[in-house]
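J.: Take this structure first; my questions come after.
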Amino acid sequence: MSDMSSVSRERKKRELKKQMISSGQSRPDSGNHNEGRKKRKRGHRLLKVLLLFAVIGVGAAGIYYYFGNHQFTEYVVGWEKPIQEGGAGEYKNFGSNVLKYTKDGMSYINDKGETVWMQSYEMKNPIASVNGNYAVVADQQGNSIYICDVTGVLGQASTVLPVIKAVVSQTGVAAAILEDSKANYIQYYNKDGSTIDLTIKTALSGDGYPLDAALSPDGNQTIASIMYLSGGELKNRVVFYDFSEIGKNQKHLVGGFDQEFSDSIAARAIYPDDTHACAFTDQGISFFSSKNRAAVELTSQVPADGTVETVFYSNKYAGLIAKTSGGENPYRMDLYKVNGDKLFSAEFNFPYEHVDLSDDMVILYNEESCMIYGLNGKVKYSGSLGMEIAKINQGRSSNSVIVCSPQTMKEIRFR
């Protein structure tokens, strides 16, 4: 019996040992299998996400290429609304759409065709200047100046001398070129219309008189194109004034360029952003850097290929249209970034009357039709829009425009 019991005990020990070994091996195998399955699932999810991003990227690139290079031939009217401020007038790019100004008043109309505000006045010859969300409207050869932003009129100023030109900064500081029989003045105003104790006086027999002027976005610097007499000849210079602490030690004059403009006339000067300025002459465009505000630098001068007919600009770009020697395309358009880098040149034969930069569109138009370029120099649309055209702006998408006539406003969507 003892031998049989001993054999039985040994058998039970071996079976128990097998069970322990089998159980001990099955648990780690099961864990490894589950962990591997989780890793494979994570890998599949990551692959799906990467494929989704790739599809989105390819789709976005395709859409960008399509809208950037496709020339549309048809359009539909998205909406049409009457303009509350009636009568013939002028338009300026302002806020999300336009500022309309007439002899009787002005109004801001947004990109939904809604009149946000209106202001009545009486002017014989209204002129306007816009910078960002601020605008100034003045009576040329008159004495009234209105300063406003997208919320409404902020202030009004009355001048003793006639106004020749008025400009505004992106902070609401305004300046007006005033004229009397012996001298011209650049007078500065706060956005509420109050006079700033700051005046630049010039005389033709001395320093010259300002042909044009513009303010830097912060209102502290001024670029001015000055006409002066030298040896009995009329000459031109471009000067920069700084009225912050930076310019005090230099009597506010931080840049003067005579020789570079001795054979040209800078009829328009602009300050598109904090570190760049441009002067448009009858020979081309001059680009300036004001990164060093104490010493403004002339960085480049690009000549026009022909006779300059029109200049146009925004806070990012500057361009001109020149009449060439003729042929099939008698006009040449050149567009630059405000640092002087060239974007494109295009020759065309469209009989334009106006040209505007609006977001990423260059828009040429007359009363009946338009020709629209993208910033890559490709024509996006050319043809009639079925209405009298007084102003065109880019709409809320890259394939839409907002078209103003004297009485109505429409959103046009190209397709």
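If you're wondering about the labels, chains in the structure tokens are A, B, ... by order shown, residues count from 1 in each chain, ligands from 1 in order shown.
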If you count only C-alpha atoms, which residues fall within 7 Å of Thr275 (chain A), apart from same-chain ones fewer than 3 positions away, as a ChimeraX atom specification?

T.: /A:289-291

J.: For region 242-359 of chain A against region 382-385 of chain A, with a cut-off of 12 Å and counting only C-alpha atoms, what is the closest atom pair and its distance in Å to one decimal for every residue that makes the cut, ordered by chain and number, as CSV?

T.:
residue,atom,partner,partner_atom,distance
A:Phe348,CA,A:Ser382,CA,11.3
A:Asn349,CA,A:Ser382,CA,11.5
A:Phe350,CA,A:Ser382,CA,9.0
A:Pro351,CA,A:Gly383,CA,11.5
A:Tyr352,CA,A:Ser382,CA,11.5

J.: Which residue is closest to Asp212 (chain A)? Choose from A:Gln283, A:Ser225, A:Asn143, A:Thr310 and count only C-alpha atoms.

T.: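 Nearest to Asp212 (chain A): A:Ser225.
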
J.: Any idea what's packed within 6 Å of region 95-101 of chain A, counting only C-alpha atoms, ignoring anything in its chain fewer than 5 positions away? Could you give it as a PDB file with N, CA and C atoms, in the first residue's frame?

T.:
ATOM      1  N   GLY A  89     -21.973 110.017 -56.187  1.00  0.00           N
ATOM      2  CA  GLY A  89     -20.917 110.234 -55.213  1.00  0.00           C
ATOM      3  C   GLY A  89     -19.681 109.434 -55.546  1.00  0.00           C
ATOM      4  N   GLU A  90     -18.732 109.442 -54.626  1.00  0.00           N
ATOM      5  CA  GLU A  90     -17.483 108.709 -54.766  1.00  0.00           C
ATOM      6  C   GLU A  90     -17.405 107.659 -53.671  1.00  0.00           C
ATOM      7  N   MET A 106     -22.116 111.555 -46.079  1.00  0.00           N
ATOM      8  CA  MET A 106     -21.330 110.342 -46.273  1.00  0.00           C
ATOM      9  C   MET A 106     -21.972 109.205 -45.492  1.00  0.00           C
ATOM     10  N   SER A 107     -21.640 107.972 -45.878  1.00  0.00           N
ATOM     11  CA  SER A 107     -22.174 106.801 -45.191  1.00  0.00           C
ATOM     12  C   SER A 107     -21.184 105.655 -45.301  1.00  0.00           C
ATOM     13  N   TYR A 108     -21.214 104.795 -44.293  1.00  0.00           N
ATOM     14  CA  TYR A 108     -20.401 103.570 -44.313  1.00  0.00           C
ATOM     15  C   TYR A 108     -21.328 102.402 -44.607  1.00  0.00           C
ATOM     16  N   ILE A 109     -21.011 101.635 -45.662  1.00  0.00           N
ATOM     17  CA  ILE A 109     -21.803 100.485 -46.081  1.00  0.00           C
ATOM     18  C   ILE A 109     -20.932  99.244 -45.962  1.00  0.00           C
ATOM     19  N   ASN A 110     -21.372  98.257 -45.165  1.00  0.00           N
ATOM     20  CA  ASN A 110     -20.540  97.082 -44.912  1.00  0.00           C
ATOM     21  C   ASN A 110     -20.668  96.047 -46.023  1.00  0.00           C
ATOM     22  N   ASP A 111     -20.013  94.887 -45.837  1.00  0.00           N
ATOM     23  CA  ASP A 111     -19.961  93.875 -46.895  1.00  0.00           C
ATOM     24  C   ASP A 111     -21.239  93.049 -47.013  1.00  0.00           C
ATOM     25  N   ASN A 133      -9.209 101.512 -40.365  1.00  0.00           N
ATOM     26  CA  ASN A 133     -10.606 101.735 -39.985  1.00  0.00           C
ATOM     27  C   ASN A 133     -10.916 103.200 -39.709  1.00  0.00           C
TER      28      ASN A 133
END

J.: Give me the residues within 7 Å of Gly152 (chain A) as a ChimeraX atom specification, counting only C-alpha atoms and dropping any in the same chain fewer than 3 places off.

T.: /A:117,148-149

J.: Give me, as an MDAnalysis selection string, all polymer residues having an atom no more than 10 Å from Phe257 (chain A), counting only C-alpha atoms and skipping those fewer than 6 positions away in the same chain.

T.: chainID A and resid 225 236:240 296:298

J.: Mind dumping the selected residues with C-alpha atoms as a PDB file, in the first residue's frame?

T.:
ATOM      1  CA  SER A 225       6.602 115.427 -51.456  1.00  0.00           C
ATOM      2  CA  ASN A 236      11.088 117.984 -56.161  1.00  0.00           C
ATOM      3  CA  ARG A 237      12.249 116.401 -52.909  1.00  0.00           C
ATOM      4  CA  VAL A 238      10.812 113.788 -50.578  1.00  0.00           C
ATOM      5  CA  VAL A 239      11.197 114.403 -46.841  1.00  0.00           C
ATOM      6  CA  PHE A 240      10.303 112.571 -43.631  1.00  0.00           C
ATOM      7  CA  VAL A 296      14.741 106.734 -43.117  1.00  0.00           C
ATOM      8  CA  GLU A 297      16.449 104.929 -46.005  1.00  0.00           C
ATOM      9  CA  LEU A 298      15.667 104.920 -49.730  1.00  0.00           C
TER      10      LEU A 298
END

J.: Work out how far apart CA of Phe94 (chain A) and CA of Thr195 (chain A) are and give it in Å to one decimal.

T.: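 Those two atoms sit 24.4 Å apart.
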
J.: May I ask for the distance between CA of Arg413 (chain A) and CA of Tyr91 (chain A), given in Å to one decimal place?

T.: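 Result for CA of Arg413 (chain A) versus CA of Tyr91 (chain A): 21.0 Å, one decimal.
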
J.: Could you state the separation of CA of Tyr373 (chain A) and CA of Met333 (chain A) in Å, given to one decimal place?

T.: 10.5 Å

J.: Nearest to Asn393 (chain A) among A:Lys323, A:His70, A:Lys410, A:Lys103, with distances taken over only C-alpha atoms: which residue is it?

T.: A:Lys410
